[in-house]
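Below: the structure, in structure tokens.
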Amino acid sequence: MSEQPEGLPARPLEGSVAVVTGGGRGIGAAVAALLARAGARLALVGRTEETLARTAGELPPGTATVVADLGRPEAPAEVMGTVLDRFGRVDVLVNNAGAENFTASHELTPAEADGLWALNARTPLLLGGLAAAHMAARGGGSIVNVSSDIGSVRSIPNQSLYAATKGAVDAVTRSLAAEWGDRGVRVNAVRPAVTDTDMSAAVFADPGLERALTAQYALGRMGRPQDIAEVVLFFASPASSFVTGQILSVDGGWLAVQR
């Protein structure tokens, strides 16, 4: 094993508190595990207590679970209040919770549109704003949003609603970075392409489809949750102390090299 490079602490988030939405599985669970190894105390936010508890059980003692339906208007303020009651501070926020929609645009209902917009776009905006104000009062912090290559940059049929929400995440990232940067709060985003999670289970269950998609990646494979988590850690840690307002595609070259 190589030695830790001089100047980079082995646990760069030691003593900090990190909130991960959608933290019970997939990318969120991988992010939580990596942030914990970096020294952060964790608050996992999600809809299902059982899923959160299972993931928390694999993390250090003291990991908090916050059951919340983030699509509710009151949820961001409630989550922030619960975490502050428990830990007294928030240093890192990872807005990872989200869902997809494959309904054709002419068949979308207002309820579908409102529901996905609330979860995918409104929550990162409201929770991000609350967290940024708290972090600014403490001297700084880091917010990392999870966007998507598929939708916010390159579109496919029947994902107009999903694309709109992820485009909004990119805009929120840039705007919050501009609003809070002079008070020490950094705001960045990662944009995965197809990643091996429950959300993409149908892709990975079809060998033909998986091979066809994999052929489009410069690195010859689709992403894994750990791939995304590594970049989230970079944005969360002091290693990116002079980086804000950036939206980084973590996609194995899928966006840059189309085959």
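By order of appearance in the structure tokens: chains A, B, ..., then residues from 1 within every chain, and ligands from 1 in the order shown.
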- DSSP says strand (DSSP E) for which residues of segment 88-192 of chain A? Put them as a PyMOL selection string? chain A and resi 92-95+141-146+185-192
- Identify all residues of segment 17-259 of chain A in alpha helix (DSSP H) (DSSP on the backbone) and supply them as a PyMOL selection string. chain A and resi 26-37+49-56+75-87+110-117+123-138+149-152+160-180+201-205+207-214+225-236
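Atom CA of Asn188 of chain A is positioned 5.9 Å from atom CA of Ile247 of chain A.
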- Task: Just the residues within 10 Å of segment 29-39 of chain A, please, counting only C-alpha atoms, with nothing from its chain fewer than 6 positions along; format it as a VMD selection string.
- Result: chain A and resid 9 to 23 51 to 52 55 to 56 58 to 60 63 92 94 96 224 to 234 236 to 237
Can you write out the residues you just picked, keeping C-alpha atoms, as a short mmCIF file (atom, residue, chain, number, x, y, z; two decimals), in the first residue's frame?
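What ended up in part.cif:
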```cif
data_model
loop_
_atom_site.label_atom_id
_atom_site.label_comp_id
_atom_site.auth_asym_id
_atom_site.auth_seq_id
_atom_site.Cartn_x
_atom_site.Cartn_y
_atom_site.Cartn_z
CA PRO A 9 -4.64 13.83 5.74
CA ALA A 10 -5.74 10.21 5.88
CA ARG A 11 -9.10 11.34 7.30
CA PRO A 12 -9.74 14.73 5.67
CA LEU A 13 -13.25 15.07 7.10
CA GLU A 14 -12.32 14.25 10.70
CA GLY A 15 -14.78 15.89 13.09
CA SER A 16 -17.18 17.08 10.41
CA VAL A 17 -20.87 16.23 10.01
CA ALA A 18 -22.15 15.12 6.61
CA VAL A 19 -25.78 14.75 5.50
CA VAL A 20 -26.48 12.35 2.62
CA THR A 21 -29.98 12.27 1.14
CA GLY A 22 -30.99 9.03 -0.51
CA GLY A 23 -28.34 7.58 1.78
CA THR A 51 -33.13 0.56 4.34
CA LEU A 52 -31.50 3.40 6.26
CA THR A 55 -26.85 0.94 5.75
CA ALA A 56 -26.26 2.71 9.06
CA GLU A 58 -22.42 -0.91 8.35
CA LEU A 59 -21.17 2.55 9.34
CA PRO A 60 -19.50 3.77 12.55
CA THR A 63 -24.63 7.38 12.48
CA VAL A 92 -21.18 18.69 4.18
CA VAL A 94 -24.81 15.62 -0.45
CA ASN A 96 -28.34 12.59 -3.84
CA ARG A 224 -20.32 1.86 -10.10
CA PRO A 225 -21.51 3.73 -7.00
CA GLN A 226 -17.94 3.80 -5.67
CA ASP A 227 -16.82 5.70 -8.80
CA ILE A 228 -19.25 8.48 -8.02
CA ALA A 229 -18.49 8.44 -4.29
CA GLU A 230 -14.78 9.09 -4.87
CA VAL A 231 -15.53 12.34 -6.69
CA VAL A 232 -18.11 13.39 -4.10
CA LEU A 233 -15.42 12.95 -1.44
CA PHE A 234 -13.08 15.17 -3.46
CA ALA A 236 -16.54 17.49 0.08
CA SER A 237 -12.95 17.61 1.29
#
```
- Task: Find the residues near Met135 of chain A: any atom within 8 Å, counting only C-alpha atoms, skip ones fewer than 4 places away on the same chain, and give them as a PyMOL selection string.
- Result: chain A and resi 90-91+131+139-141+184-185
- Show which residues sit within 9 Å of Arg47 of chain A, as a list of chain:residue names. Count only C-alpha atoms, and ignore same-chain residues fewer than 5 positions away.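 Those residues are A:Gly22, A:Gly24, A:Leu52, A:Val66, A:Val67, A:Ala68, A:Asp69, A:Leu70.
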- Leaving out Ala64 of chain A and any residue of its chain fewer than 5 positions from it, which residues lie within 10 Å of it when counting only C-alpha atoms, given as a VMD selection string? chain A and resid 19 41 to 45 52 to 53 56 59 82 to 83 86 to 87
Just the selected residues (N, CA and C atoms), exported as a JSON list (two decimals), in the first residue's frame, please.
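Contents of out38.json, freshly written:
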```json
[["chain", "number", "residue", "atom", "x", "y", "z"],
["A", 19, "VAL", "N", -24.41, 15.19, 5.75],
["A", 19, "VAL", "CA", -25.78, 14.75, 5.50],
["A", 19, "VAL", "C", -25.84, 14.20, 4.08],
["A", 41, "ARG", "N", -18.93, 12.26, 10.59],
["A", 41, "ARG", "CA", -20.11, 11.67, 11.22],
["A", 41, "ARG", "C", -21.27, 11.84, 10.26],
["A", 42, "LEU", "N", -22.13, 10.84, 10.17],
["A", 42, "LEU", "CA", -23.13, 10.78, 9.09],
["A", 42, "LEU", "C", -24.56, 10.90, 9.59],
["A", 43, "ALA", "N", -25.35, 11.60, 8.78],
["A", 43, "ALA", "CA", -26.81, 11.57, 8.90],
["A", 43, "ALA", "C", -27.35, 11.12, 7.56],
["A", 44, "LEU", "N", -28.00, 9.96, 7.55],
["A", 44, "LEU", "CA", -28.56, 9.40, 6.33],
["A", 44, "LEU", "C", -30.04, 9.74, 6.26],
["A", 45, "VAL", "N", -30.47, 10.28, 5.12],
["A", 45, "VAL", "CA", -31.85, 10.70, 4.94],
["A", 45, "VAL", "C", -32.49, 9.86, 3.84],
["A", 52, "LEU", "N", -32.46, 2.53, 5.60],
["A", 52, "LEU", "CA", -31.50, 3.40, 6.26],
["A", 52, "LEU", "C", -30.79, 2.68, 7.40],
["A", 53, "ALA", "N", -31.55, 1.93, 8.18],
["A", 53, "ALA", "CA", -30.96, 1.22, 9.32],
["A", 53, "ALA", "C", -29.95, 0.18, 8.87],
["A", 56, "ALA", "N", -26.87, 2.13, 7.87],
["A", 56, "ALA", "CA", -26.26, 2.71, 9.06],
["A", 56, "ALA", "C", -25.55, 1.66, 9.90],
["A", 59, "LEU", "N", -21.96, 1.35, 9.15],
["A", 59, "LEU", "CA", -21.17, 2.55, 9.34],
["A", 59, "LEU", "C", -20.79, 2.68, 10.82],
["A", 82, "THR", "N", -33.74, 18.43, 12.32],
["A", 82, "THR", "CA", -33.44, 17.17, 13.00],
["A", 82, "THR", "C", -31.94, 16.93, 13.10],
["A", 83, "VAL", "N", -31.23, 17.19, 12.01],
["A", 83, "VAL", "CA", -29.78, 16.97, 12.02],
["A", 83, "VAL", "C", -29.09, 17.94, 12.98],
["A", 86, "ARG", "N", -29.47, 16.86, 16.49],
["A", 86, "ARG", "CA", -28.65, 15.70, 16.81],
["A", 86, "ARG", "C", -27.16, 16.04, 16.90],
["A", 87, "PHE", "N", -26.65, 16.80, 15.94],
["A", 87, "PHE", "CA", -25.21, 17.03, 15.85],
["A", 87, "PHE", "C", -24.78, 18.47, 16.14]]
```
- Message: Rounded to one decimal, what separation in Å do you get between atom CA of Ala171 of chain A and atom CA of Ala132 of chain A?
- Response: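 Calculated distance between atom CA of Ala171 of chain A and atom CA of Ala132 of chain A is 15.8 Å.
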- Compile the contact shell of Gly181 of chain A as a ChimeraX atom specification: residues with an atom at most 9 Å away, counting only C-alpha atoms, same-chain residues fewer than 4 positions apart removed. /A:136,140,176-177,185-187,244-245
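With only C-alpha atoms as the atoms that count, the minimum distance from Val250 of chain A to the choices A:Pro192, A:Gly62, A:Pro238, A:Gly129 is reached by A:Pro192.
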